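A quick write-up on the structure given underneath.
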Amino acid sequence: GKSSLIRSVLESYPVVGRRHIVYAKFDELVYSQSVSVIFHAFDEYCARLVATEPPSRLGELGAAMLNAIDLEGRSLLCSLMPRLRWIIGDDGSPATLGLGTNSFENQGAGAQFRLRFAVRVFLQTLASWVFECGTALTIFIDDLQFADHNSHDLVTVLLTDTALSGVLFLGGYRTGLENSTSMGSELTILLGLLRDAEMIQSTDIHISNIDKNCVNTLVAESIRIIPRLTRPLSGVIFPRTNGNPLFVRQLLQSLVTEQRLVYSVSLRRW
């Protein structure tokens, strides 16, 4: 599906590009904490930078952030991304805003404005530093249909920032939820805002289900048998999955688990 497609594209990046990918995935079961998913992804990215970048380059990034972000902004960001301190150092400032389960929603309008401003400056500085490495900062946020209002608002603020450049944003979401759930309605509003924003160059890529021949190819490659021999099996799988690649793989796995599809040692094939 969409997630596998985007991951396969990202894996084709040059090594330097793969180091600067921020990946976040929303979860329907933790809807109340969804905005923290974005900050957790950047926190993991900070840890990856510390592990892969030369100290001199990290020093340049830390100095740039100290110069661009004020003390209060750094305190806010470090409360959300603790490992950011590994890059900018610990200046002794207390964390004034924590983001556990739903503390973001409980903040007043002033605190949220300060946080958004700090995040914008942080991302501007980071993207500029990454661009000097010869690549773009790539942000992939998956399952946007499960994101809450604050997450959508934060994404909108960042993507409509005219001072931000050198960022590739990839958003993955399922269609069909637009009018059925509150989360779907929030997603509809977000997509409308982004499509209407003149400063954003966006492209919609619709991933549909695969046809019967492609299902047969997927089955053949999964069990490593020539496609001619898997047609009877794929003929059973296709109508039950409607060509959804994820469902095809899940059904194959269930057939193996239930021992309806077994490996023959004598024939050396499934």
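Residues in the structure tokens are named by chain (A, B, ... in the order shown) and by number from 1 within that chain; ligands are numbered from 1 in the order shown.
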
Item checked: Residues within 7 Å of region 168-170 of chain A, only C-alpha atoms, excluding chain neighbours under 6 positions, as a count of residues only -> 6

Query raised in the report: Asn213 (chain A): which residues within 10 Å, counting only C-alpha atoms, same-chain residues fewer than 6 positions away excluded, as a list in words?
Result: Val219, Pro227, Arg231, Ser234, Gly235, Phe238 and Gly243 of chain A

Rows by chain and residue number, region 145-264 of chain A within 12 Å of region 110-129 of chain A, shortest pair, only C-alpha atoms, as JSON lines:
```
{"residue": "A:Asn150", "atom": "CA", "partner": "A:Gln112", "partner_atom": "CA", "distance": 9.8}
{"residue": "A:Ser151", "atom": "CA", "partner": "A:Arg116", "partner_atom": "CA", "distance": 11.2}
{"residue": "A:Asp153", "atom": "CA", "partner": "A:Arg116", "partner_atom": "CA", "distance": 9.5}
{"residue": "A:Leu154", "atom": "CA", "partner": "A:Arg116", "partner_atom": "CA", "distance": 7.1}
{"residue": "A:Val155", "atom": "CA", "partner": "A:Arg116", "partner_atom": "CA", "distance": 10.0}
{"residue": "A:Thr156", "atom": "CA", "partner": "A:Arg116", "partner_atom": "CA", "distance": 10.6}
{"residue": "A:Val157", "atom": "CA", "partner": "A:Arg116", "partner_atom": "CA", "distance": 7.5}
{"residue": "A:Leu158", "atom": "CA", "partner": "A:Arg120", "partner_atom": "CA", "distance": 6.2}
{"residue": "A:Leu159", "atom": "CA", "partner": "A:Arg120", "partner_atom": "CA", "distance": 9.5}
{"residue": "A:Thr160", "atom": "CA", "partner": "A:Arg120", "partner_atom": "CA", "distance": 10.2}
{"residue": "A:Asp161", "atom": "CA", "partner": "A:Arg120", "partner_atom": "CA", "distance": 7.6}
{"residue": "A:Thr162", "atom": "CA", "partner": "A:Gln124", "partner_atom": "CA", "distance": 10.0}
{"residue": "A:Ala163", "atom": "CA", "partner": "A:Gln124", "partner_atom": "CA", "distance": 7.1}
{"residue": "A:Leu164", "atom": "CA", "partner": "A:Gln124", "partner_atom": "CA", "distance": 5.3}
{"residue": "A:Ser165", "atom": "CA", "partner": "A:Ala127", "partner_atom": "CA", "distance": 6.9}
{"residue": "A:Gly166", "atom": "CA", "partner": "A:Ala127", "partner_atom": "CA", "distance": 5.8}
{"residue": "A:Val167", "atom": "CA", "partner": "A:Ala127", "partner_atom": "CA", "distance": 6.4}
{"residue": "A:Leu168", "atom": "CA", "partner": "A:Ala127", "partner_atom": "CA", "distance": 9.9}
{"residue": "A:Phe169", "atom": "CA", "partner": "A:Ala127", "partner_atom": "CA", "distance": 11.9}
```

For N, CA, C and O atoms, I'd like the residues from the last selection saved as a PDB file, in the first residue's frame.
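In the end it all went to out_7.pdb:
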```pdb
ATOM      1  N   ASN A 150      -4.944  19.432  16.517  1.00  0.00           N
ATOM      2  CA  ASN A 150      -3.688  20.117  16.812  1.00  0.00           C
ATOM      3  C   ASN A 150      -2.560  19.646  15.903  1.00  0.00           C
ATOM      4  O   ASN A 150      -1.699  20.439  15.516  1.00  0.00           O
ATOM      5  N   SER A 151      -2.559  18.371  15.562  1.00  0.00           N
ATOM      6  CA  SER A 151      -1.544  17.865  14.639  1.00  0.00           C
ATOM      7  C   SER A 151      -1.725  18.469  13.260  1.00  0.00           C
ATOM      8  O   SER A 151      -0.759  18.905  12.619  1.00  0.00           O
ATOM      9  N   ASP A 153      -3.176  21.261  12.593  1.00  0.00           N
ATOM     10  CA  ASP A 153      -2.866  22.677  12.697  1.00  0.00           C
ATOM     11  C   ASP A 153      -1.363  22.909  12.637  1.00  0.00           C
ATOM     12  O   ASP A 153      -0.879  23.826  11.964  1.00  0.00           O
ATOM     13  N   LEU A 154      -0.603  22.060  13.328  1.00  0.00           N
ATOM     14  CA  LEU A 154       0.850  22.195  13.320  1.00  0.00           C
ATOM     15  C   LEU A 154       1.413  21.946  11.924  1.00  0.00           C
ATOM     16  O   LEU A 154       2.293  22.691  11.455  1.00  0.00           O
ATOM     17  N   VAL A 155       0.907  20.937  11.236  1.00  0.00           N
ATOM     18  CA  VAL A 155       1.355  20.651   9.877  1.00  0.00           C
ATOM     19  C   VAL A 155       1.046  21.829   8.955  1.00  0.00           C
ATOM     20  O   VAL A 155       1.884  22.241   8.138  1.00  0.00           O
ATOM     21  N   THR A 156      -0.142  22.383   9.092  1.00  0.00           N
ATOM     22  CA  THR A 156      -0.530  23.526   8.253  1.00  0.00           C
ATOM     23  C   THR A 156       0.374  24.722   8.499  1.00  0.00           C
ATOM     24  O   THR A 156       0.818  25.389   7.560  1.00  0.00           O
ATOM     25  N   VAL A 157       0.654  25.008   9.773  1.00  0.00           N
ATOM     26  CA  VAL A 157       1.520  26.143  10.120  1.00  0.00           C
ATOM     27  C   VAL A 157       2.898  25.976   9.489  1.00  0.00           C
ATOM     28  O   VAL A 157       3.481  26.927   8.945  1.00  0.00           O
ATOM     29  N   LEU A 158       3.429  24.764   9.533  1.00  0.00           N
ATOM     30  CA  LEU A 158       4.766  24.524   9.005  1.00  0.00           C
ATOM     31  C   LEU A 158       4.791  24.611   7.480  1.00  0.00           C
ATOM     32  O   LEU A 158       5.691  25.233   6.896  1.00  0.00           O
ATOM     33  N   LEU A 159       3.829  23.998   6.834  1.00  0.00           N
ATOM     34  CA  LEU A 159       3.855  23.933   5.372  1.00  0.00           C
ATOM     35  C   LEU A 159       3.501  25.263   4.723  1.00  0.00           C
ATOM     36  O   LEU A 159       3.825  25.483   3.553  1.00  0.00           O
ATOM     37  N   THR A 160       2.811  26.129   5.428  1.00  0.00           N
ATOM     38  CA  THR A 160       2.466  27.441   4.863  1.00  0.00           C
ATOM     39  C   THR A 160       3.451  28.522   5.296  1.00  0.00           C
ATOM     40  O   THR A 160       3.201  29.706   5.090  1.00  0.00           O
ATOM     41  N   ASP A 161       4.570  28.122   5.877  1.00  0.00           N
ATOM     42  CA  ASP A 161       5.600  29.059   6.312  1.00  0.00           C
ATOM     43  C   ASP A 161       6.423  29.486   5.093  1.00  0.00           C
ATOM     44  O   ASP A 161       7.177  28.689   4.532  1.00  0.00           O
ATOM     45  N   THR A 162       6.290  30.720   4.674  1.00  0.00           N
ATOM     46  CA  THR A 162       6.980  31.197   3.474  1.00  0.00           C
ATOM     47  C   THR A 162       8.498  31.275   3.659  1.00  0.00           C
ATOM     48  O   THR A 162       9.236  31.345   2.683  1.00  0.00           O
ATOM     49  N   ALA A 163       8.961  31.280   4.905  1.00  0.00           N
ATOM     50  CA  ALA A 163      10.403  31.340   5.163  1.00  0.00           C
ATOM     51  C   ALA A 163      11.044  29.960   5.164  1.00  0.00           C
ATOM     52  O   ALA A 163      12.262  29.849   5.300  1.00  0.00           O
ATOM     53  N   LEU A 164      10.250  28.917   4.995  1.00  0.00           N
ATOM     54  CA  LEU A 164      10.763  27.550   5.034  1.00  0.00           C
ATOM     55  C   LEU A 164      11.011  27.048   3.618  1.00  0.00           C
ATOM     56  O   LEU A 164      10.134  27.133   2.759  1.00  0.00           O
ATOM     57  N   SER A 165      12.188  26.534   3.382  1.00  0.00           N
ATOM     58  CA  SER A 165      12.526  25.968   2.074  1.00  0.00           C
ATOM     59  C   SER A 165      13.410  24.746   2.282  1.00  0.00           C
ATOM     60  O   SER A 165      13.953  24.524   3.366  1.00  0.00           O
ATOM     61  N   GLY A 166      13.563  23.967   1.213  1.00  0.00           N
ATOM     62  CA  GLY A 166      14.417  22.784   1.301  1.00  0.00           C
ATOM     63  C   GLY A 166      13.797  21.640   2.066  1.00  0.00           C
ATOM     64  O   GLY A 166      14.513  20.829   2.653  1.00  0.00           O
ATOM     65  N   VAL A 167      12.455  21.547   2.063  1.00  0.00           N
ATOM     66  CA  VAL A 167      11.758  20.483   2.781  1.00  0.00           C
ATOM     67  C   VAL A 167      10.818  19.759   1.826  1.00  0.00           C
ATOM     68  O   VAL A 167      10.047  20.397   1.101  1.00  0.00           O
ATOM     69  N   LEU A 168      10.905  18.444   1.822  1.00  0.00           N
ATOM     70  CA  LEU A 168       9.955  17.617   1.082  1.00  0.00           C
ATOM     71  C   LEU A 168       9.032  16.964   2.102  1.00  0.00           C
ATOM     72  O   LEU A 168       9.485  16.220   2.970  1.00  0.00           O
ATOM     73  N   PHE A 169       7.749  17.261   1.997  1.00  0.00           N
ATOM     74  CA  PHE A 169       6.765  16.693   2.921  1.00  0.00           C
ATOM     75  C   PHE A 169       5.952  15.640   2.194  1.00  0.00           C
ATOM     76  O   PHE A 169       5.375  15.893   1.137  1.00  0.00           O
TER      77      PHE A 169
END
```

* To do: Could you please determine the separation between CA of His40 (chain A) and CA of Gly134 (chain A) in Å, to one decimal place?
  =>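 Straight-line distance from CA of His40 (chain A) to CA of Gly134 (chain A) works out to 25.2 Å.
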
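Considering the residues A:Met199, A:Val262, A:Leu190, A:Val248 and counting only C-alpha atoms, Ala147 (chain A) has its shortest atom-to-atom contact with A:Leu190.
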
### Task
Fewer than 6 positions away in the same chain doesn't count, so skip those; otherwise give me all residues within 10 Å of Ala63 (chain A), counting only C-alpha atoms, as a list in words.
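Answer for this query is Arg57, Ile87, Ile88 and Gly89 of chain A.
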
- Leu49 (chain A): which residues within 9 Å, counting only C-alpha atoms, same-chain residues fewer than 3 positions away excluded, as a list in words? Arg19, His20, Glu44, Tyr45, Cys46, Thr52, Glu53, Pro54, Leu58 and Ile87 of chain A

How about saving the chosen residues, C-alpha atoms kept, as a PDB file, in the first residue's frame?
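Ended up saving to part_3.pdb:
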```pdb
ATOM      1  CA  ARG A  19      20.080  10.209   7.063  1.00  0.00           C
ATOM      2  CA  HIS A  20      17.723  13.188   6.875  1.00  0.00           C
ATOM      3  CA  GLU A  44      14.501  10.205  17.192  1.00  0.00           C
ATOM      4  CA  TYR A  45      15.928  12.152  14.267  1.00  0.00           C
ATOM      5  CA  CYS A  46      18.055  14.213  16.682  1.00  0.00           C
ATOM      6  CA  THR A  52      25.927   9.665  12.329  1.00  0.00           C
ATOM      7  CA  GLU A  53      27.114  13.249  11.893  1.00  0.00           C
ATOM      8  CA  PRO A  54      30.702  14.416  12.492  1.00  0.00           C
ATOM      9  CA  LEU A  58      26.804  18.948  14.775  1.00  0.00           C
ATOM     10  CA  ILE A  87      22.894  18.999  19.825  1.00  0.00           C
TER      11      ILE A  87
END
```

* Excluding same-chain residues fewer than 5 positions from region 244-246 of chain A, what lies within 12 Å of it counting only C-alpha atoms, as an MDAnalysis selection string? -> chainID A and resid 1:5 207:212 214:219 222 234 237:239 251:253

When DSSP is applied to the backbone of this structure, which of region 58-171 of chain A are assigned strand (DSSP E or B)? Write them out as a ChimeraX atom specification.
/A:137-142,167-171

Every residue of region 78-229 of chain A that DSSP places in alpha helix (DSSP H), as a ChimeraX atom specification:
/A:78-80,85-88,109-132,149-159,182-196,212-223,227-229

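For the atom pair formed by CA of Asp43 (chain A) and CA of Tyr23 (chain A), the distance is 10.7 Å, given to one decimal.
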
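Taking CA of Pro14 (chain A) and CA of Ala51 (chain A) as endpoints, the distance between them is 17.9 Å.
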
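Closest approach to Phe131 (chain A) among A:Leu61, A:Ala47, A:Leu71, A:Leu255 is made by A:Leu61 (distances from only C-alpha atoms).
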